[in-house]
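*Asks:* I am sharing upload-v9.pdb, which consists of PDB, C-alpha atoms and all ligand atoms:
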ATOM      1  CA  MET A   1     155.119 -47.262  17.858  1.00  0.00           C
ATOM      2  CA  ILE A   2     151.389 -47.562  18.353  1.00  0.00           C
ATOM      3  CA  ARG A   3     148.802 -46.030  16.060  1.00  0.00           C
ATOM      4  CA  LEU A   4     145.581 -44.632  17.364  1.00  0.00           C
ATOM      5  CA  THR A   5     142.860 -42.414  15.932  1.00  0.00           C
ATOM      6  CA  VAL A   6     141.497 -39.868  18.392  1.00  0.00           C
ATOM      7  CA  ASN A   7     138.619 -37.623  17.382  1.00  0.00           C
ATOM      8  CA  GLY A   8     139.305 -38.421  13.734  1.00  0.00           C
ATOM      9  CA  VAL A   9     143.019 -37.576  13.896  1.00  0.00           C
ATOM     10  CA  GLU A  10     145.522 -40.411  13.471  1.00  0.00           C
ATOM     11  CA  HIS A  11     148.486 -40.462  15.840  1.00  0.00           C
ATOM     12  CA  THR A  12     151.620 -42.593  15.886  1.00  0.00           C
ATOM     13  CA  LEU A  13     152.716 -42.789  19.497  1.00  0.00           C
ATOM     14  CA  ASP A  14     156.035 -43.753  21.001  1.00  0.00           C
ATOM     15  CA  VAL A  15     154.490 -44.856  24.292  1.00  0.00           C
ATOM     16  CA  GLU A  16     154.714 -48.098  26.275  1.00  0.00           C
ATOM     17  CA  GLY A  17     151.792 -50.375  25.393  1.00  0.00           C
ATOM     18  CA  ASP A  18     150.762 -50.848  29.012  1.00  0.00           C
ATOM     19  CA  THR A  19     150.222 -47.111  29.534  1.00  0.00           C
ATOM     20  CA  PRO A  20     146.562 -46.437  30.350  1.00  0.00           C
ATOM     21  CA  LEU A  21     144.728 -44.714  27.517  1.00  0.00           C
ATOM     22  CA  LEU A  22     143.651 -41.902  29.862  1.00  0.00           C
ATOM     23  CA  TRP A  23     147.296 -40.975  30.489  1.00  0.00           C
ATOM     24  CA  VAL A  24     148.032 -40.992  26.769  1.00  0.00           C
ATOM     25  CA  VAL A  25     145.078 -38.786  25.900  1.00  0.00           C
ATOM     26  CA  ARG A  26     145.636 -36.305  28.719  1.00  0.00           C
ATOM     27  CA  ASP A  27     149.418 -36.160  28.998  1.00  0.00           C
ATOM     28  CA  VAL A  28     150.659 -37.058  25.510  1.00  0.00           C
ATOM     29  CA  LEU A  29     147.871 -35.644  23.339  1.00  0.00           C
ATOM     30  CA  GLY A  30     146.981 -32.835  25.752  1.00  0.00           C
ATOM     31  CA  LEU A  31     143.230 -33.427  25.751  1.00  0.00           C
ATOM     32  CA  LYS A  32     142.306 -32.733  29.363  1.00  0.00           C
ATOM     33  CA  GLY A  33     138.514 -33.006  29.250  1.00  0.00           C
ATOM     34  CA  SER A  34     138.486 -36.644  30.397  1.00  0.00           C
ATOM     35  CA  LYS A  35     139.170 -36.847  34.109  1.00  0.00           C
ATOM     36  CA  PHE A  36     141.022 -39.127  36.491  1.00  0.00           C
ATOM     37  CA  GLY A  37     138.804 -40.156  39.382  1.00  0.00           C
ATOM     38  CA  CYS A  38     139.356 -43.574  40.933  1.00  0.00           C
ATOM     39  CA  GLY A  39     141.890 -45.039  38.524  1.00  0.00           C
ATOM     40  CA  ALA A  40     140.241 -48.415  39.023  1.00  0.00           C
ATOM     41  CA  GLY A  41     137.371 -48.520  36.558  1.00  0.00           C
ATOM     42  CA  LEU A  42     134.784 -47.698  39.207  1.00  0.00           C
ATOM     43  CA  CYS A  43     133.667 -44.081  38.784  1.00  0.00           C
ATOM     44  CA  GLY A  44     133.372 -43.304  35.064  1.00  0.00           C
ATOM     45  CA  ALA A  45     135.148 -39.935  35.158  1.00  0.00           C
ATOM     46  CA  CYS A  46     137.546 -41.159  32.464  1.00  0.00           C
ATOM     47  CA  THR A  47     134.873 -42.408  30.037  1.00  0.00           C
ATOM     48  CA  MET A  48     135.644 -42.164  26.325  1.00  0.00           C
ATOM     49  CA  HIS A  49     134.214 -44.039  23.353  1.00  0.00           C
ATOM     50  CA  LEU A  50     135.986 -46.923  21.653  1.00  0.00           C
ATOM     51  CA  ASN A  51     134.332 -47.359  18.270  1.00  0.00           C
ATOM     52  CA  GLY A  52     131.246 -45.714  19.782  1.00  0.00           C
ATOM     53  CA  GLN A  53     131.122 -47.791  22.958  1.00  0.00           C
ATOM     54  CA  PRO A  54     131.863 -46.247  26.366  1.00  0.00           C
ATOM     55  CA  ILE A  55     135.040 -47.517  27.995  1.00  0.00           C
ATOM     56  CA  ARG A  56     136.942 -46.867  31.231  1.00  0.00           C
ATOM     57  CA  THR A  57     140.190 -45.476  29.951  1.00  0.00           C
ATOM     58  CA  CYS A  58     142.006 -45.424  33.290  1.00  0.00           C
ATOM     59  CA  ILE A  59     142.281 -49.208  33.119  1.00  0.00           C
ATOM     60  CA  MET A  60     142.512 -49.602  29.333  1.00  0.00           C
ATOM     61  CA  PRO A  61     146.088 -50.218  28.154  1.00  0.00           C
ATOM     62  CA  LEU A  62     147.065 -48.391  25.002  1.00  0.00           C
ATOM     63  CA  SER A  63     148.027 -51.666  23.317  1.00  0.00           C
ATOM     64  CA  ALA A  64     144.432 -52.916  23.673  1.00  0.00           C
ATOM     65  CA  VAL A  65     143.074 -50.080  21.534  1.00  0.00           C
ATOM     66  CA  ALA A  66     145.878 -49.871  18.955  1.00  0.00           C
ATOM     67  CA  GLY A  67     144.599 -49.010  15.489  1.00  0.00           C
ATOM     68  CA  GLN A  68     141.111 -48.216  16.725  1.00  0.00           C
ATOM     69  CA  ASN A  69     138.929 -45.116  16.939  1.00  0.00           C
ATOM     70  CA  ILE A  70     138.692 -43.208  20.186  1.00  0.00           C
ATOM     71  CA  THR A  71     136.342 -40.314  20.798  1.00  0.00           C
ATOM     72  CA  THR A  72     136.831 -37.989  23.739  1.00  0.00           C
ATOM     73  CA  ILE A  73     134.601 -35.220  25.044  1.00  0.00           C
ATOM     74  CA  GLU A  74     136.576 -32.816  22.828  1.00  0.00           C
ATOM     75  CA  GLY A  75     135.478 -34.796  19.768  1.00  0.00           C
ATOM     76  CA  LEU A  76     131.742 -34.403  20.277  1.00  0.00           C
ATOM     77  CA  SER A  77     131.554 -30.868  18.881  1.00  0.00           C
ATOM     78  CA  PRO A  78     133.918 -28.267  17.403  1.00  0.00           C
ATOM     79  CA  ALA A  79     136.236 -26.248  19.609  1.00  0.00           C
ATOM     80  CA  ASN A  80     134.581 -22.969  20.617  1.00  0.00           C
ATOM     81  CA  ALA A  81     131.246 -24.351  19.458  1.00  0.00           C
ATOM     82  CA  THR A  82     128.200 -22.142  19.482  1.00  0.00           C
ATOM     83  CA  PRO A  83     125.339 -23.569  21.530  1.00  0.00           C
ATOM     84  CA  GLN A  84     123.695 -24.716  18.297  1.00  0.00           C
ATOM     85  CA  GLN A  85     126.822 -26.661  17.315  1.00  0.00           C
ATOM     86  CA  LEU A  86     126.818 -28.677  20.514  1.00  0.00           C
ATOM     87  CA  THR A  87     125.307 -32.139  20.468  1.00  0.00           C
ATOM     88  CA  PRO A  88     121.770 -32.579  21.804  1.00  0.00           C
ATOM     89  CA  VAL A  89     123.224 -34.110  24.960  1.00  0.00           C
ATOM     90  CA  GLN A  90     125.506 -31.125  25.522  1.00  0.00           C
ATOM     91  CA  GLN A  91     122.662 -28.717  24.756  1.00  0.00           C
ATOM     92  CA  ALA A  92     120.367 -30.475  27.213  1.00  0.00           C
ATOM     93  CA  TRP A  93     123.134 -30.414  29.836  1.00  0.00           C
ATOM     94  CA  LEU A  94     123.392 -26.650  29.424  1.00  0.00           C
ATOM     95  CA  GLU A  95     119.670 -26.031  29.374  1.00  0.00           C
ATOM     96  CA  LEU A  96     119.106 -27.979  32.579  1.00  0.00           C
ATOM     97  CA  ASN A  97     122.301 -26.645  34.164  1.00  0.00           C
ATOM     98  CA  VAL A  98     123.344 -30.188  35.069  1.00  0.00           C
ATOM     99  CA  PRO A  99     126.917 -29.766  36.364  1.00  0.00           C
ATOM    100  CA  GLN A 100     127.692 -28.753  39.904  1.00  0.00           C
ATOM    101  CA  CYS A 101     131.462 -29.013  40.437  1.00  0.00           C
ATOM    102  CA  GLY A 102     131.709 -30.474  36.925  1.00  0.00           C
ATOM    103  CA  TYR A 103     134.409 -33.034  37.615  1.00  0.00           C
ATOM    104  CA  CYS A 104     132.389 -36.093  36.613  1.00  0.00           C
ATOM    105  CA  GLN A 105     130.483 -34.447  33.814  1.00  0.00           C
ATOM    106  CA  SER A 106     132.565 -35.232  30.748  1.00  0.00           C
ATOM    107  CA  GLY A 107     132.262 -38.897  31.684  1.00  0.00           C
ATOM    108  CA  GLN A 108     128.531 -38.493  32.263  1.00  0.00           C
ATOM    109  CA  ILE A 109     128.077 -36.856  28.851  1.00  0.00           C
ATOM    110  CA  MET A 110     130.078 -39.564  27.091  1.00  0.00           C
ATOM    111  CA  ALA A 111     128.033 -42.287  28.794  1.00  0.00           C
ATOM    112  CA  ALA A 112     124.757 -40.514  28.005  1.00  0.00           C
ATOM    113  CA  THR A 113     125.792 -40.001  24.389  1.00  0.00           C
ATOM    114  CA  ALA A 114     126.545 -43.699  23.979  1.00  0.00           C
ATOM    115  CA  LEU A 115     123.256 -44.621  25.634  1.00  0.00           C
ATOM    116  CA  LEU A 116     121.199 -42.463  23.265  1.00  0.00           C
ATOM    117  CA  ALA A 117     123.085 -43.789  20.232  1.00  0.00           C
ATOM    118  CA  SER A 118     121.927 -47.298  21.078  1.00  0.00           C
ATOM    119  CA  ASN A 119     118.600 -46.450  22.715  1.00  0.00           C
ATOM    120  CA  PRO A 120     117.091 -43.173  21.426  1.00  0.00           C
ATOM    121  CA  GLN A 121     114.117 -43.241  23.818  1.00  0.00           C
ATOM    122  CA  PRO A 122     115.368 -44.689  27.106  1.00  0.00           C
ATOM    123  CA  THR A 123     113.101 -45.166  30.085  1.00  0.00           C
ATOM    124  CA  ASP A 124     114.119 -44.053  33.572  1.00  0.00           C
ATOM    125  CA  ALA A 125     115.162 -47.630  34.260  1.00  0.00           C
ATOM    126  CA  ASP A 126     117.240 -47.752  31.070  1.00  0.00           C
ATOM    127  CA  ILE A 127     118.975 -44.513  32.084  1.00  0.00           C
ATOM    128  CA  ASP A 128     119.630 -45.645  35.628  1.00  0.00           C
ATOM    129  CA  ASN A 129     120.997 -48.948  34.350  1.00  0.00           C
ATOM    130  CA  ALA A 130     123.245 -47.378  31.703  1.00  0.00           C
ATOM    131  CA  MET A 131     124.497 -44.570  33.933  1.00  0.00           C
ATOM    132  CA  SER A 132     124.948 -46.521  37.158  1.00  0.00           C
ATOM    133  CA  GLY A 133     128.706 -46.797  36.649  1.00  0.00           C
ATOM    134  CA  ASN A 134     129.166 -43.032  36.418  1.00  0.00           C
ATOM    135  CA  ILE A 135     129.448 -41.629  39.900  1.00  0.00           C
ATOM    136  CA  CYS A 136     128.631 -38.016  40.750  1.00  0.00           C
ATOM    137  CA  ARG A 137     129.702 -36.966  44.222  1.00  0.00           C
ATOM    138  CA  CYS A 138     127.612 -33.807  43.861  1.00  0.00           C
ATOM    139  CA  GLY A 139     124.462 -35.893  43.377  1.00  0.00           C
ATOM    140  CA  THR A 140     123.370 -34.432  40.044  1.00  0.00           C
ATOM    141  CA  TYR A 141     121.623 -37.680  39.117  1.00  0.00           C
ATOM    142  CA  PRO A 142     118.084 -36.216  38.845  1.00  0.00           C
ATOM    143  CA  ARG A 143     119.309 -33.502  36.470  1.00  0.00           C
ATOM    144  CA  ILE A 144     121.328 -36.031  34.473  1.00  0.00           C
ATOM    145  CA  ARG A 145     118.241 -38.165  34.029  1.00  0.00           C
ATOM    146  CA  SER A 146     116.141 -35.157  33.006  1.00  0.00           C
ATOM    147  CA  ALA A 147     118.803 -33.999  30.564  1.00  0.00           C
ATOM    148  CA  ILE A 148     118.955 -37.412  28.906  1.00  0.00           C
ATOM    149  CA  HIS A 149     115.178 -37.326  28.398  1.00  0.00           C
ATOM    150  CA  LYS A 150     115.513 -33.772  27.088  1.00  0.00           C
ATOM    151  CA  ALA A 151     118.244 -34.780  24.641  1.00  0.00           C
ATOM    152  CA  ALA A 152     116.172 -37.756  23.496  1.00  0.00           C
ATOM    153  CA  GLY A 153     113.308 -35.376  22.768  1.00  0.00           C
ATOM    154  CA  MET A 154     115.591 -33.005  20.853  1.00  0.00           C
ATOM    155  CA  MET A 155     117.008 -35.851  18.783  1.00  0.00           C
ATOM    156  CA  SER A 156     113.537 -37.130  17.989  1.00  0.00           C
ATOM    157  CA  ALA A 157     112.385 -33.609  17.042  1.00  0.00           C
ATOM    158  CA  SER A 158     115.375 -33.114  14.778  1.00  0.00           C
ATOM    159  CA  VAL A 159     114.606 -36.366  12.958  1.00  0.00           C
ATOM    160  CA  ASN A 160     111.023 -35.170  12.442  1.00  0.00           C
ATOM    161  CA  ASN A 161     111.988 -31.596  11.574  1.00  0.00           C
ATOM    162  CA  PRO A 162     115.533 -31.496  10.171  1.00  0.00           C
ATOM    163  CA  GLN A 163     115.138 -27.909   8.912  1.00  0.00           C
ATOM    164  CA  ALA A 164     114.382 -26.646  12.413  1.00  0.00           C
ATOM    165  CA  ALA A 165     117.385 -28.550  13.692  1.00  0.00           C
ATOM    166  CA  ARG A 166     119.634 -26.972  11.039  1.00  0.00           C
ATOM    167  CA  ASN A 167     118.298 -23.540  11.952  1.00  0.00           C
ATOM    168  CA  GLY A 168     119.036 -24.115  15.594  1.00  0.00           C
ATOM    169  CA  GLU A 169     115.372 -23.638  16.463  1.00  0.00           C
ATOM    170  CA  LEU A 170     115.301 -26.673  18.716  1.00  0.00           C
ATOM    171  CA  PHE A 171     117.751 -24.864  20.941  1.00  0.00           C
ATOM    172  CA  SER A 172     116.151 -21.427  20.697  1.00  0.00           C
ATOM    173  CA  GLU A 173     114.576 -21.428  24.143  1.00  0.00           C
ATOM    174  CA  VAL A 174     117.820 -22.091  25.940  1.00  0.00           C
ATOM    175  CA  THR A 175     119.207 -19.412  28.171  1.00  0.00           C
ATOM    176  CA  LEU A 176     122.804 -20.113  29.070  1.00  0.00           C
ATOM    177  CA  PRO A 177     123.485 -19.936  32.794  1.00  0.00           C
ATOM    178  CA  GLN A 178     125.624 -16.881  33.450  1.00  0.00           C
ATOM    179  CA  ALA A 179     128.591 -18.762  34.821  1.00  0.00           C
ATOM    180  CA  THR A 180     128.546 -21.409  32.118  1.00  0.00           C
ATOM    181  CA  ASN A 181     131.149 -21.408  29.422  1.00  0.00           C
ATOM    182  CA  THR A 182     130.187 -23.863  26.671  1.00  0.00           C
ATOM    183  CA  GLU A 183     133.846 -24.827  26.501  1.00  0.00           C
ATOM    184  CA  GLU A 184     133.522 -26.353  29.964  1.00  0.00           C
ATOM    185  CA  LEU A 185     131.126 -28.919  28.569  1.00  0.00           C
ATOM    186  CA  SER A 186     133.277 -29.873  25.652  1.00  0.00           C
ATOM    187  CA  HIS A 187     136.820 -29.230  26.762  1.00  0.00           C
ATOM    188  CA  GLY A 188     136.707 -29.685  30.535  1.00  0.00           C
TER     189      GLY A 188
HETATM  190  S1  LIG A 201     138.973 -42.790  36.738  1.00  0.00           S
HETATM  191 FE1  LIG A 201     138.440 -44.336  35.350  1.00  0.00          FE
HETATM  192  S2  LIG A 201     136.670 -45.270  36.195  1.00  0.00           S
HETATM  193 FE2  LIG A 201     137.331 -43.830  37.729  1.00  0.00          FE
HETATM  194  S1  LIG A 202     129.135 -32.532  39.313  1.00  0.00           S
HETATM  195 FE1  LIG A 202     130.537 -32.754  40.961  1.00  0.00          FE
HETATM  196  S2  LIG A 202     131.101 -34.848  40.915  1.00  0.00           S
HETATM  197 FE2  LIG A 202     129.500 -34.681  39.476  1.00  0.00          FE
END
Show how you would write the structure in this file as structure tokens.

*Replies:*
Amino acid sequence: MIRLTVNGVEHTLDVEGDTPLLWVVRDVLGLKGSKFGCGAGLCGACTMHLNGQPIRTCIMPLSAVAGQNITTIEGLSPANATPQQLTPVQQAWLELNVPQCGYCQSGQIMAATALLASNPQPTDADIDNAMSGNICRCGTYPRIRSAIHKAAGMMSASVNNPQAARNGELFSEVTLPQATNTEELSHG
């Protein structure tokens, strides 16, 4: 048995220790937002957080993360979140309509979230450096970069004006794209 905490919920898993974490999260726990891309640690589609740090879960054996805290895209905001309940990164992604096919985007959001947690005001070079391991075959890189700057601005504004953040005013100008379901950004 291996214990693991995923999105704040502790699990005791009867799974072989060499099973990749991505398989466990998707097939055992049923959280399908994290995607399988290359299976070799090269594309970032499977990115989750291990104790807040982004990791490639397609090559991470379950035994290596036993007893630790994993956050998936589903753990960033509540299920069926209103736009105001999404994280600044998710809000910025919606506002700038970042996804195209969407396949890489949960990994992109997890990488961007980790970047902003460690560097709240990244430069273009910081963003390019931090995000270089997350591949987007649709070429959404310019929108990803813009959305990270947007999220950084929202986070800074919420620190300076917490009441506005609580009221959702920082998100008040956002018009959701017609085809966008907020669940797509949090639950893949
Ligand atoms: S699927 Fe894990 S890095 Fe590509
Ligand atoms: S949005 Fe299609 S692969 Fe990134």

*Asks:* Can I get the residues close to ligand LIG 202 (chain A) as a list in words, where close means within 6 Å and we count all atoms listed in the file?

*Replies:* Pro99, Gln100, Cys101, Gly102, Tyr103, Cys104, Gln105, Cys136, Arg137 and Cys138 of chain A

*Asks:* I would like the residues chosen by the PyMOL selection byres (((not hetatm)) within 12 of (chain A and resi 201)) on the shown file; could you give them as a PyMOL selection string?

*Replies:* chain A and resi 20-23+34-48+54-60+103-104+106-108+111+132-136

*Asks:* Per residue of stretch 34-142 of chain A within 12 Å of stretch 2-14 of chain A, record the nearest atom pair and its distance in Å to one decimal, counting only C-alpha atoms, with rows in chain order and ascending residue number, as a tab-separated table.

*Replies:*
residue	atom	partner	partner_atom	distance
A:Met48	CA	A:Val6	CA	10.1
A:His49	CA	A:Val6	CA	9.7
A:Leu50	CA	A:Val6	CA	9.5
A:Asn51	CA	A:Thr5	CA	10.1
A:Gly52	CA	A:Asn7	CA	11.2
A:Pro61	CA	A:Ile2	CA	11.5
A:Leu62	CA	A:Ile2	CA	8.0
A:Ser63	CA	A:Ile2	CA	7.3
A:Ala64	CA	A:Ile2	CA	10.3
A:Val65	CA	A:Leu4	CA	7.3
A:Ala66	CA	A:Leu4	CA	5.5
A:Gly67	CA	A:Leu4	CA	4.9
A:Gln68	CA	A:Leu4	CA	5.8
A:Asn69	CA	A:Thr5	CA	4.9
A:Ile70	CA	A:Val6	CA	4.7
A:Thr71	CA	A:Asn7	CA	4.9
A:Thr72	CA	A:Asn7	CA	6.6
A:Ile73	CA	A:Asn7	CA	9.0
A:Glu74	CA	A:Asn7	CA	7.5
A:Gly75	CA	A:Asn7	CA	4.9
A:Leu76	CA	A:Asn7	CA	8.1
A:Ser77	CA	A:Asn7	CA	9.9
A:Pro78	CA	A:Asn7	CA	10.5
A:Ala79	CA	A:Asn7	CA	11.8

*Asks:* So what do you get for atom CA of A:Val89 versus atom CA of A:Met154, distance-wise?

*Replies:*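 Computed distance, atom CA of A:Val89 to atom CA of A:Met154, equals 8.7 Å.
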
*Asks:* Using all atoms listed in the file, collect all residues at a distance of at most 10 Å from (120.7, -35.2, 19.9) as written in the file, then present them as a VMD selection string.

*Replies:* chain A and resid 86 to 92 113 116 to 117 120 148 150 to 159 165

*Asks:* Taking only C-alpha atoms into account, name the residue in A:Asn161, A:Gln121, A:Thr140, A:Asn129 that is nearest to A:Leu96.

*Replies:* A:Thr140

*Asks:* Can you tell me how far atom CA of A:Ile127 sits from atom CA of A:Glu95, in Å to one decimal?

*Replies:* 18.7 Å

*Asks:* Rounded to one decimal, what separation in Å do you get between atom CA of A:Ala147 and atom CA of A:Val98?

*Replies:*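 Atom CA of A:Val98 lies at a distance of 7.4 Å from atom CA of A:Ala147.
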
*Asks:* Looking at A:Pro122, A:Gly17, A:Pro83, A:Gly33, which one is nearest to A:Arg145, with distances taken over all atoms listed in the file?

*Replies:*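 For A:Arg145, the nearest of the given residues is A:Pro122.
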